[in-house]
Amino acid sequence: MQYLTGFKDIQAVISKYSQTKILWIDTEIADYQTSKPRLSLIQVLDKPTQMGIDAAETERVSILDVLEKSEIIDEFIEKIIFNPDIEKVFHNASYDLRFLGNRQAQNVSCTLEMAKSIPYYLLPVPNFKLETLAEQLCHLSAVDKTQQGSDWGIRPLSRKQLHYAKMDPVYLARVHHRLLQLKQLANPDPVKEDLSALMIRYRQLEHQWKQIDTEINHIKNRIKAAMAAQEVSETAGFKLSSSKRTTKKAAFEQLAKLTQTLGIELDLPVTLTKAVQKQLGEAIEQLSLEEEVSTNWRLSIQELEDEDLPF
DNA sequence: AAGCCCACGCGACAAGACTA
DNA sequence: TAGTCTTGTCGCGTGGGCTT
(Lines give C-alpha, C1' and ligand atoms only; values in the text may rest on other atoms or scores of the structure.)
Protein backbone atom coordinates (compact mmCIF):
# COMPACT_ATOMS: atom_id res chain seq x y z
CA MET A 1 0.00 0.00 0.00
CA GLN A 2 1.13 3.49 -0.64
CA TYR A 3 -0.41 6.26 1.40
CA LEU A 4 0.02 9.49 -0.50
CA THR A 5 -0.38 12.91 1.00
CA GLY A 6 1.78 15.16 -1.16
CA PHE A 7 0.41 16.98 -4.19
CA LYS A 8 3.15 15.80 -6.51
CA ASP A 9 2.88 12.18 -5.43
CA ILE A 10 -0.86 12.13 -5.88
CA GLN A 11 -0.63 13.85 -9.25
CA ALA A 12 1.89 11.30 -10.42
CA VAL A 13 -0.33 8.42 -9.43
CA ILE A 14 -3.38 10.00 -11.06
CA SER A 15 -1.50 10.32 -14.29
CA LYS A 16 -0.37 6.69 -14.01
CA TYR A 17 -3.95 5.53 -13.44
CA SER A 18 -5.25 7.57 -16.35
CA GLN A 19 -3.61 5.01 -18.63
CA THR A 20 -5.35 1.94 -17.22
CA LYS A 21 -8.47 0.18 -18.46
CA ILE A 22 -10.17 -0.56 -15.17
CA LEU A 23 -9.92 0.69 -11.60
CA TRP A 24 -11.58 -0.40 -8.39
CA ILE A 25 -12.29 2.65 -6.27
CA ASP A 26 -13.61 3.41 -2.82
CA THR A 27 -13.78 6.63 -0.82
CA GLU A 28 -13.91 7.66 2.80
CA ILE A 29 -15.93 10.67 3.80
CA ALA A 30 -15.42 12.93 6.81
CA ASP A 31 -18.34 14.61 8.54
CA TYR A 32 -20.76 12.44 6.62
CA GLN A 33 -23.54 13.07 9.10
CA THR A 34 -23.38 16.81 8.67
CA SER A 35 -24.59 19.05 5.89
CA LYS A 36 -20.99 19.57 4.76
CA PRO A 37 -19.40 16.19 4.22
CA ARG A 38 -15.80 16.26 3.00
CA LEU A 39 -13.99 13.80 0.81
CA SER A 40 -11.14 12.42 2.88
CA LEU A 41 -9.59 9.50 1.03
CA ILE A 42 -9.75 7.97 -2.42
CA GLN A 43 -8.52 4.39 -2.48
CA VAL A 44 -7.61 2.96 -5.84
CA LEU A 45 -6.68 -0.53 -6.96
CA ASP A 46 -5.59 -1.50 -10.45
CA LYS A 47 -5.10 -4.96 -11.98
CA PRO A 48 -5.52 -7.17 -8.93
CA THR A 49 -4.12 -10.67 -8.92
CA GLN A 50 -6.63 -13.44 -9.41
CA MET A 51 -6.11 -15.60 -6.38
CA GLY A 52 -5.82 -15.02 -2.71
CA ILE A 53 -5.49 -11.89 -0.66
CA ASP A 54 -1.76 -11.80 -0.81
CA ALA A 55 0.58 -8.99 -0.09
CA ALA A 56 0.97 -8.20 -3.76
CA GLU A 57 -2.70 -7.39 -4.09
CA THR A 58 -3.17 -5.29 -1.02
CA GLU A 59 0.13 -3.57 -1.72
CA ARG A 60 -1.20 -2.40 -5.06
CA VAL A 61 -3.74 -0.16 -3.38
CA SER A 62 -3.04 3.54 -3.39
CA ILE A 63 -4.62 5.68 -0.73
CA LEU A 64 -4.93 9.25 -1.89
CA ASP A 65 -5.29 11.67 0.97
CA VAL A 66 -7.40 14.41 -0.54
CA LEU A 67 -8.82 16.06 2.54
CA GLU A 68 -9.11 19.80 1.81
CA LYS A 69 -7.37 19.33 -1.54
CA SER A 70 -10.10 20.31 -3.95
CA GLU A 71 -7.73 20.96 -6.88
CA ILE A 72 -6.43 17.41 -6.62
CA ILE A 73 -9.96 16.05 -6.35
CA ASP A 74 -10.92 17.98 -9.47
CA GLU A 75 -7.93 16.59 -11.28
CA PHE A 76 -8.89 13.06 -10.28
CA ILE A 77 -12.41 13.69 -11.52
CA GLU A 78 -11.20 15.16 -14.81
CA LYS A 79 -8.59 12.56 -15.63
CA ILE A 80 -10.15 9.43 -14.19
CA ILE A 81 -13.86 9.78 -13.51
CA PHE A 82 -14.75 11.67 -16.69
CA ASN A 83 -12.53 9.47 -18.84
CA PRO A 84 -14.79 7.07 -20.75
CA ASP A 85 -11.88 4.75 -21.54
CA ILE A 86 -11.40 3.77 -17.92
CA GLU A 87 -13.97 1.53 -16.26
CA LYS A 88 -14.51 2.59 -12.66
CA VAL A 89 -15.93 0.03 -10.25
CA PHE A 90 -17.58 1.10 -7.01
CA HIS A 91 -19.86 -0.48 -4.47
CA ASN A 92 -22.95 1.71 -4.37
CA ALA A 93 -21.46 4.04 -6.96
CA SER A 94 -24.17 6.65 -6.50
CA TYR A 95 -22.83 7.41 -3.05
CA ASP A 96 -19.18 7.89 -4.02
CA LEU A 97 -20.07 9.74 -7.17
CA ARG A 98 -21.79 12.42 -5.16
CA PHE A 99 -18.28 13.55 -4.31
CA LEU A 100 -16.79 12.64 -7.66
CA GLY A 101 -18.57 14.39 -10.46
CA ASN A 102 -22.10 13.06 -10.03
CA ARG A 103 -23.88 12.17 -13.21
CA GLN A 104 -21.14 13.35 -15.49
CA ALA A 105 -19.10 10.33 -14.51
CA GLN A 106 -18.37 8.00 -17.39
CA ASN A 107 -18.04 4.23 -17.62
CA VAL A 108 -18.99 3.38 -14.07
CA SER A 109 -19.85 -0.07 -12.75
CA CYS A 110 -21.59 -0.67 -9.47
CA THR A 111 -21.24 -3.97 -7.66
CA LEU A 112 -24.32 -3.21 -5.60
CA GLU A 113 -26.42 -2.90 -8.75
CA MET A 114 -24.80 -5.99 -10.23
CA ALA A 115 -25.50 -8.02 -7.12
CA LYS A 116 -29.11 -6.92 -7.02
CA SER A 117 -29.67 -7.95 -10.61
CA ILE A 118 -28.68 -11.53 -9.96
CA PRO A 119 -31.50 -13.89 -8.94
CA TYR A 120 -31.58 -14.91 -5.33
CA TYR A 121 -31.04 -18.58 -6.01
CA LEU A 122 -27.70 -17.83 -7.63
CA LEU A 123 -26.68 -15.38 -4.93
CA PRO A 124 -28.49 -16.34 -1.74
CA VAL A 125 -27.25 -13.65 0.61
CA PRO A 126 -29.22 -11.83 3.31
CA ASN A 127 -28.14 -8.40 2.06
CA PHE A 128 -25.84 -6.77 -0.47
CA LYS A 129 -23.40 -5.00 1.78
CA LEU A 130 -19.84 -5.20 0.50
CA GLU A 131 -18.93 -6.96 3.72
CA THR A 132 -21.53 -9.64 3.21
CA LEU A 133 -20.61 -10.19 -0.42
CA ALA A 134 -16.93 -10.45 0.44
CA GLU A 135 -17.61 -13.01 3.14
CA GLN A 136 -20.29 -15.12 1.56
CA LEU A 137 -19.56 -14.78 -2.13
CA CYS A 138 -15.77 -14.74 -1.97
CA HIS A 139 -15.37 -16.66 1.29
CA LEU A 140 -13.12 -14.01 2.74
CA SER A 141 -13.14 -14.13 6.50
CA ALA A 142 -12.45 -11.46 9.05
CA VAL A 143 -13.85 -8.58 7.08
CA ASP A 144 -13.57 -5.74 9.53
CA LYS A 145 -16.03 -2.89 9.18
CA THR A 146 -15.52 -1.29 12.57
CA GLN A 147 -13.68 1.66 11.07
CA GLN A 148 -16.42 2.47 8.59
CA GLY A 149 -18.06 5.12 10.68
CA SER A 150 -14.88 6.44 12.24
CA ASP A 151 -13.70 10.02 12.04
CA TRP A 152 -12.07 10.46 8.67
CA GLY A 153 -11.48 14.14 9.28
CA ILE A 154 -8.68 13.74 11.77
CA ARG A 155 -4.98 13.62 10.95
CA PRO A 156 -2.96 11.58 11.34
CA LEU A 157 -5.22 8.65 10.59
CA SER A 158 -4.76 5.59 12.75
CA ARG A 159 -3.13 2.39 11.53
CA LYS A 160 -6.49 0.67 11.84
CA GLN A 161 -8.13 3.28 9.64
CA LEU A 162 -5.50 3.01 6.94
CA HIS A 163 -5.68 -0.76 7.02
CA TYR A 164 -9.43 -0.64 6.66
CA ALA A 165 -9.13 1.88 3.87
CA LYS A 166 -6.77 -0.25 1.85
CA MET A 167 -8.80 -3.42 2.24
CA ASP A 168 -12.01 -2.10 0.77
CA PRO A 169 -10.85 -1.83 -2.85
CA VAL A 170 -9.38 -5.32 -2.52
CA TYR A 171 -12.69 -6.74 -1.37
CA LEU A 172 -14.38 -4.73 -4.06
CA ALA A 173 -12.25 -6.24 -6.81
CA ARG A 174 -12.81 -9.78 -5.57
CA VAL A 175 -16.54 -9.27 -5.28
CA HIS A 176 -16.62 -7.69 -8.71
CA HIS A 177 -14.79 -10.65 -10.20
CA ARG A 178 -17.24 -13.16 -8.73
CA LEU A 179 -20.23 -11.06 -9.77
CA LEU A 180 -19.02 -11.06 -13.36
CA GLN A 181 -19.00 -14.86 -13.27
CA LEU A 182 -22.50 -14.97 -11.82
CA LYS A 183 -23.70 -12.44 -14.33
CA GLN A 184 -22.63 -14.73 -17.13
CA LEU A 185 -24.42 -17.63 -15.48
CA ALA A 186 -27.54 -15.52 -15.10
CA ASN A 187 -27.60 -14.28 -18.69
CA PRO A 188 -27.17 -17.22 -21.02
CA ASP A 189 -27.53 -16.79 -24.75
CA PRO A 190 -31.10 -17.87 -25.57
CA VAL A 191 -29.90 -19.32 -28.86
CA LYS A 192 -27.64 -21.76 -27.08
CA GLU A 193 -29.97 -22.78 -24.26
CA ASP A 194 -30.63 -26.48 -23.70
CA LEU A 195 -34.40 -26.42 -23.89
CA SER A 196 -35.04 -29.96 -22.71
CA ALA A 197 -32.75 -29.52 -19.73
CA LEU A 198 -34.61 -26.36 -18.82
CA MET A 199 -37.95 -28.08 -19.09
CA ILE A 200 -36.83 -30.95 -16.91
CA ARG A 201 -35.57 -28.51 -14.34
CA TYR A 202 -38.86 -26.65 -14.47
CA ARG A 203 -40.81 -29.82 -13.81
CA GLN A 204 -38.53 -30.71 -10.94
CA LEU A 205 -39.08 -27.38 -9.28
CA GLU A 206 -42.76 -26.95 -10.06
CA HIS A 207 -43.97 -29.40 -7.47
CA GLN A 208 -41.86 -28.11 -4.61
CA TRP A 209 -42.56 -24.55 -5.55
CA LYS A 210 -46.32 -25.01 -5.47
CA GLN A 211 -46.12 -26.45 -1.99
CA ILE A 212 -43.90 -23.71 -0.67
CA ASP A 213 -45.69 -20.92 -2.47
CA THR A 214 -49.11 -21.92 -1.29
CA GLU A 215 -47.95 -22.52 2.24
CA ILE A 216 -46.17 -19.21 2.53
CA ASN A 217 -49.17 -17.30 1.23
CA HIS A 218 -51.45 -19.25 3.51
CA ILE A 219 -49.29 -18.45 6.51
CA LYS A 220 -49.05 -14.80 5.56
CA ASN A 221 -52.79 -14.52 5.43
CA ARG A 222 -53.19 -16.30 8.73
CA ILE A 223 -50.66 -14.01 10.39
CA LYS A 224 -52.46 -11.01 8.95
CA ALA A 225 -55.82 -12.20 10.17
CA ALA A 226 -54.45 -13.25 13.55
CA MET A 227 -52.68 -9.96 14.16
CA ALA A 228 -55.78 -8.05 13.22
CA ALA A 229 -58.02 -10.20 15.40
CA GLN A 230 -55.66 -10.10 18.35
CA GLU A 231 -54.93 -6.42 17.83
CA VAL A 232 -51.20 -6.91 17.59
CA SER A 233 -49.70 -4.39 15.21
CA GLU A 234 -46.04 -5.26 15.57
CA THR A 235 -44.17 -8.30 16.79
CA ALA A 236 -40.85 -9.98 16.13
CA GLY A 237 -40.28 -8.33 12.79
CA PHE A 238 -43.86 -8.58 11.60
CA LYS A 239 -45.74 -5.36 11.18
CA LEU A 240 -49.37 -4.91 10.30
CA SER A 241 -50.37 -1.59 8.87
CA SER A 242 -53.23 -0.26 6.85
CA SER A 243 -53.40 2.52 4.40
CA LYS A 244 -56.26 4.37 2.82
CA ARG A 245 -56.47 5.53 -0.71
CA THR A 246 -59.14 7.52 -2.38
CA THR A 247 -59.77 7.32 -6.07
CA LYS A 248 -61.85 10.02 -7.65
CA LYS A 249 -63.82 9.40 -10.78
CA ALA A 250 -65.86 11.64 -13.00
CA ALA A 251 -68.09 11.10 -16.00
CA PHE A 252 -66.06 11.61 -19.16
CA GLU A 253 -68.59 13.91 -20.78
CA GLN A 254 -68.78 16.13 -17.74
CA LEU A 255 -65.03 16.28 -17.49
CA ALA A 256 -64.68 17.22 -21.15
CA LYS A 257 -67.26 19.98 -20.87
CA LEU A 258 -65.80 21.37 -17.68
CA THR A 259 -62.27 21.60 -19.02
CA GLN A 260 -63.55 23.31 -22.14
CA THR A 261 -65.57 25.92 -20.34
CA LEU A 262 -62.76 26.62 -17.90
CA GLY A 263 -60.15 26.54 -20.61
CA ILE A 264 -58.08 23.97 -18.77
CA GLU A 265 -55.64 22.14 -20.95
CA LEU A 266 -55.87 18.45 -20.25
CA ASP A 267 -53.54 16.80 -22.67
CA LEU A 268 -53.77 13.20 -21.70
CA PRO A 269 -54.22 10.12 -23.84
CA VAL A 270 -57.31 8.04 -23.26
CA THR A 271 -57.21 4.36 -23.94
CA LEU A 272 -59.90 3.34 -26.40
CA THR A 273 -60.95 -0.05 -25.17
CA LYS A 274 -62.66 -2.55 -27.41
CA ALA A 275 -65.98 -1.49 -25.98
CA VAL A 276 -65.39 2.18 -26.71
CA GLN A 277 -64.13 1.40 -30.18
CA LYS A 278 -67.31 -0.48 -30.87
CA GLN A 279 -69.44 2.38 -29.71
CA LEU A 280 -67.54 4.84 -31.85
CA GLY A 281 -67.87 2.71 -34.96
CA GLU A 282 -66.85 4.49 -38.14
CA ALA A 283 -66.48 7.78 -36.31
CA ILE A 284 -63.20 6.54 -34.92
CA GLU A 285 -61.59 7.53 -38.22
CA GLN A 286 -61.99 11.18 -37.33
CA LEU A 287 -59.59 10.88 -34.46
CA SER A 288 -55.86 11.07 -34.84
CA LEU A 289 -55.05 7.81 -33.19
CA GLU A 290 -51.87 6.82 -31.54
CA GLU A 291 -51.48 3.12 -32.04
CA GLU A 292 -49.21 0.95 -30.02
CA VAL A 293 -48.68 -2.63 -31.01
CA SER A 294 -46.94 -4.93 -28.61
CA THR A 295 -46.29 -8.60 -28.92
CA ASN A 296 -46.32 -10.57 -25.74
CA TRP A 297 -44.98 -14.05 -25.56
CA ARG A 298 -46.98 -16.27 -23.34
CA LEU A 299 -45.74 -19.50 -21.91
CA SER A 300 -48.53 -21.96 -21.18
CA ILE A 301 -47.56 -25.05 -19.34
CA GLN A 302 -49.60 -28.19 -19.41
CA GLU A 303 -50.17 -30.33 -16.39
CA LEU A 304 -48.13 -33.47 -16.42
CA GLU A 305 -49.59 -36.92 -15.92
CA ASP A 306 -48.27 -38.62 -12.79
CA GLU A 307 -46.20 -41.14 -14.65
CA ASP A 308 -44.39 -38.42 -16.55
CA LEU A 309 -42.96 -36.75 -13.50
CA PRO A 310 -39.19 -36.64 -13.85
CA PHE A 311 -38.59 -37.39 -10.20
C1' DA B 1 -28.51 12.14 8.78
C1' DA B 2 -28.89 12.52 3.70
C1' DG B 3 -29.90 11.29 -0.69
C1' DC B 4 -30.73 8.11 -4.06
C1' DC B 5 -32.87 4.11 -5.92
C1' DC B 6 -35.64 0.13 -6.24
C1' DA B 7 -38.68 -3.66 -4.70
C1' DC B 8 -43.05 -4.55 -3.22
C1' DG B 9 -48.00 -4.60 -2.43
C1' DC B 10 -52.11 -3.11 -4.04
C1' DG B 11 -56.04 -1.82 -6.74
C1' DA B 12 -57.68 -1.09 -11.15
C1' DC B 13 -57.71 -2.42 -15.85
C1' DA B 14 -57.31 -4.65 -20.30
C1' DA B 15 -57.79 -8.41 -23.14
C1' DG B 16 -57.20 -13.06 -24.88
C1' DA B 17 -58.46 -17.87 -23.79
C1' DC B 18 -61.72 -20.70 -22.30
C1' DT B 19 -66.46 -22.44 -21.22
C1' DA B 20 -71.28 -23.22 -21.11
C1' DT C 1 -72.66 -14.45 -26.50
C1' DA C 2 -71.80 -13.59 -21.80
C1' DG C 3 -69.28 -14.69 -17.97
C1' DT C 4 -64.96 -16.44 -15.82
C1' DC C 5 -60.07 -17.25 -15.61
C1' DT C 6 -55.49 -16.02 -16.47
C1' DT C 7 -51.84 -13.06 -17.49
C1' DG C 8 -49.85 -8.82 -17.79
C1' DT C 9 -49.43 -3.70 -17.13
C1' DC C 10 -49.72 0.67 -14.80
C1' DG C 11 -49.48 4.18 -11.23
C1' DC C 12 -49.00 5.14 -6.60
C1' DG C 13 -47.37 5.05 -2.04
C1' DT C 14 -44.44 2.86 1.30
C1' DG C 15 -40.61 1.03 3.08
C1' DG C 16 -36.13 -0.32 3.20
C1' DG C 17 -31.09 -0.74 1.81
C1' DC C 18 -26.69 1.22 0.73
C1' DT C 19 -22.67 4.41 1.57
C1' DT C 20 -19.78 7.39 5.06
# chains A, B, ... in the order shown; residues from 1 in each chain; ligands from 1
call {"tool": "residues_around", "arguments": {"residues": "range 7-12 of chain B", "least_positions_apart": "2", "cutoff": "10 Å", "atoms": "only C-alpha atoms (C1' of nucleotides)", "output": "PyMOL selection string"}}
result
(chain A and resi 245+247) or (chain B and resi 5+14) or (chain C and resi 10-16)
call {"tool": "select_by_dssp", "arguments": {"residues": "range 111-252 of chain A", "states": "helix (DSSP H, G or I)", "output": "JSON, numbers by chain"}}
result
{"A": [111, 112, 113, 114, 115, 116, 117, 130, 131, 132, 133, 134, 135, 136, 137, 159, 160, 161, 162, 163, 164, 165, 166, 167, 168, 169, 170, 171, 172, 173, 174, 175, 176, 177, 178, 179, 180, 181, 182, 183, 184, 185, 186, 190, 191, 192, 195, 196, 197, 198, 199, 200, 201, 202, 203, 204, 205, 206, 207, 208, 209, 210, 211, 212, 213, 214, 215, 216, 217, 218, 219, 220, 221, 222, 223, 224, 225, 226, 227, 228, 229, 252]}
call {"tool": "closest_atom_pairs", "arguments": {"of": "chain C", "to": "chain A", "cutoff": "7 Å", "atoms": "only C-alpha atoms (C1' of nucleotides)", "output": "tab-separated table"}}
result
residue	atom	partner	partner_atom	distance
C:DC18	C1'	A:Asn92	CA	6.3
C:DT19	C1'	A:Tyr95	CA	5.5
C:DT20	C1'	A:Ile29	CA	5.2
call {"tool": "write_last_selection", "arguments": {"atoms": "all heavy atoms", "output": "PDB file, in the first residue's frame"}}
result
ATOM      1  P    DC C  18     -28.039  -3.765   2.301  1.00  0.00           P
ATOM      2  OP1  DC C  18     -27.669  -4.961   1.546  1.00  0.00           O
ATOM      3  OP2  DC C  18     -28.050  -3.783   3.781  1.00  0.00           O
ATOM      4  O5'  DC C  18     -27.088  -2.569   1.857  1.00  0.00           O
ATOM      5  C5'  DC C  18     -26.816  -2.372   0.464  1.00  0.00           C
ATOM      6  C4'  DC C  18     -26.258  -0.997   0.236  1.00  0.00           C
ATOM      7  O4'  DC C  18     -27.300  -0.028   0.439  1.00  0.00           O
ATOM      8  C3'  DC C  18     -25.178  -0.599   1.252  1.00  0.00           C
ATOM      9  O3'  DC C  18     -23.894  -0.942   0.739  1.00  0.00           O
ATOM     10  C2'  DC C  18     -25.324   0.928   1.327  1.00  0.00           C
ATOM     11  C1'  DC C  18     -26.693   1.217   0.730  1.00  0.00           C
ATOM     12  N1   DC C  18     -27.613   1.973   1.637  1.00  0.00           N
ATOM     13  C2   DC C  18     -27.937   3.291   1.313  1.00  0.00           C
ATOM     14  O2   DC C  18     -27.463   3.786   0.291  1.00  0.00           O
ATOM     15  N3   DC C  18     -28.759   3.988   2.132  1.00  0.00           N
ATOM     16  C4   DC C  18     -29.241   3.409   3.233  1.00  0.00           C
ATOM     17  N4   DC C  18     -30.053   4.135   4.008  1.00  0.00           N
ATOM     18  C5   DC C  18     -28.920   2.062   3.577  1.00  0.00           C
ATOM     19  C6   DC C  18     -28.101   1.387   2.765  1.00  0.00           C
ATOM     20  P    DT C  19     -22.637  -0.937   1.758  1.00  0.00           P
ATOM     21  OP1  DT C  19     -21.598  -1.764   1.134  1.00  0.00           O
ATOM     22  OP2  DT C  19     -23.107  -1.241   3.116  1.00  0.00           O
ATOM     23  O5'  DT C  19     -22.189   0.589   1.729  1.00  0.00           O
ATOM     24  C5'  DT C  19     -21.598   1.123   0.540  1.00  0.00           C
ATOM     25  C4'  DT C  19     -21.444   2.613   0.681  1.00  0.00           C
ATOM     26  O4'  DT C  19     -22.747   3.213   0.806  1.00  0.00           O
ATOM     27  C3'  DT C  19     -20.699   3.048   1.932  1.00  0.00           C
ATOM     28  O3'  DT C  19     -19.319   3.071   1.664  1.00  0.00           O
ATOM     29  C2'  DT C  19     -21.249   4.468   2.153  1.00  0.00           C
ATOM     30  C1'  DT C  19     -22.665   4.407   1.567  1.00  0.00           C
ATOM     31  N1   DT C  19     -23.757   4.388   2.573  1.00  0.00           N
ATOM     32  C2   DT C  19     -24.583   5.491   2.670  1.00  0.00           C
ATOM     33  O2   DT C  19     -24.446   6.470   1.971  1.00  0.00           O
ATOM     34  N3   DT C  19     -25.566   5.401   3.616  1.00  0.00           N
ATOM     35  C4   DT C  19     -25.812   4.334   4.462  1.00  0.00           C
ATOM     36  O4   DT C  19     -26.724   4.364   5.264  1.00  0.00           O
ATOM     37  C5   DT C  19     -24.903   3.219   4.314  1.00  0.00           C
ATOM     38  C7   DT C  19     -25.071   2.014   5.189  1.00  0.00           C
ATOM     39  C6   DT C  19     -23.936   3.299   3.389  1.00  0.00           C
ATOM     40  P    DT C  20     -18.284   2.807   2.868  1.00  0.00           P
ATOM     41  OP1  DT C  20     -16.969   2.582   2.252  1.00  0.00           O
ATOM     42  OP2  DT C  20     -18.833   1.818   3.814  1.00  0.00           O
ATOM     43  O5'  DT C  20     -18.276   4.206   3.619  1.00  0.00           O
ATOM     44  C5'  DT C  20     -17.731   5.347   2.951  1.00  0.00           C
ATOM     45  C4'  DT C  20     -18.025   6.596   3.761  1.00  0.00           C
ATOM     46  O4'  DT C  20     -19.458   6.735   3.857  1.00  0.00           O
ATOM     47  C3'  DT C  20     -17.546   6.527   5.198  1.00  0.00           C
ATOM     48  O3'  DT C  20     -16.237   7.091   5.260  1.00  0.00           O
ATOM     49  C2'  DT C  20     -18.538   7.434   5.934  1.00  0.00           C
ATOM     50  C1'  DT C  20     -19.783   7.391   5.065  1.00  0.00           C
ATOM     51  N1   DT C  20     -20.936   6.673   5.673  1.00  0.00           N
ATOM     52  C2   DT C  20     -22.028   7.402   6.087  1.00  0.00           C
ATOM     53  O2   DT C  20     -22.100   8.596   5.976  1.00  0.00           O
ATOM     54  N3   DT C  20     -23.034   6.658   6.640  1.00  0.00           N
ATOM     55  C4   DT C  20     -23.056   5.294   6.812  1.00  0.00           C
ATOM     56  O4   DT C  20     -24.015   4.739   7.318  1.00  0.00           O
ATOM     57  C5   DT C  20     -21.880   4.584   6.354  1.00  0.00           C
ATOM     58  C7   DT C  20     -21.790   3.099   6.496  1.00  0.00           C
ATOM     59  C6   DT C  20     -20.885   5.312   5.817  1.00  0.00           C
TER      60       DT C  20
END
call {"tool": "atom_distance", "arguments": {"atom1": "CA of Leu172 in chain A", "atom2": "CA of Ser141 in chain A"}}
result
14.2 Å
call {"tool": "closest_atom_pairs", "arguments": {"of": "chain B", "to": "chain A", "cutoff": "8 Å", "atoms": "only C-alpha atoms (C1' of nucleotides)", "output": "Markdown table"}}
result
| residue | atom | partner | partner_atom | distance |
| --- | --- | --- | --- | --- |
| B:DA1 | C1' | A:Gln33 | CA | 5.1 |
| B:DA2 | C1' | A:Gln33 | CA | 7.6 |
| B:DC4 | C1' | A:Ser94 | CA | 7.2 |
| B:DA14 | C1' | A:Thr273 | CA | 7.6 |
call {"tool": "atom_distance", "arguments": {"atom1": "CA of Leu67 in chain A", "atom2": "CA of Asp9 in chain A"}}
result
14.7 Å
call {"tool": "atom_distance", "arguments": {"atom1": "CA of Lys21 in chain A", "atom2": "CA of His177 in chain A"}}
result
15.0 Å
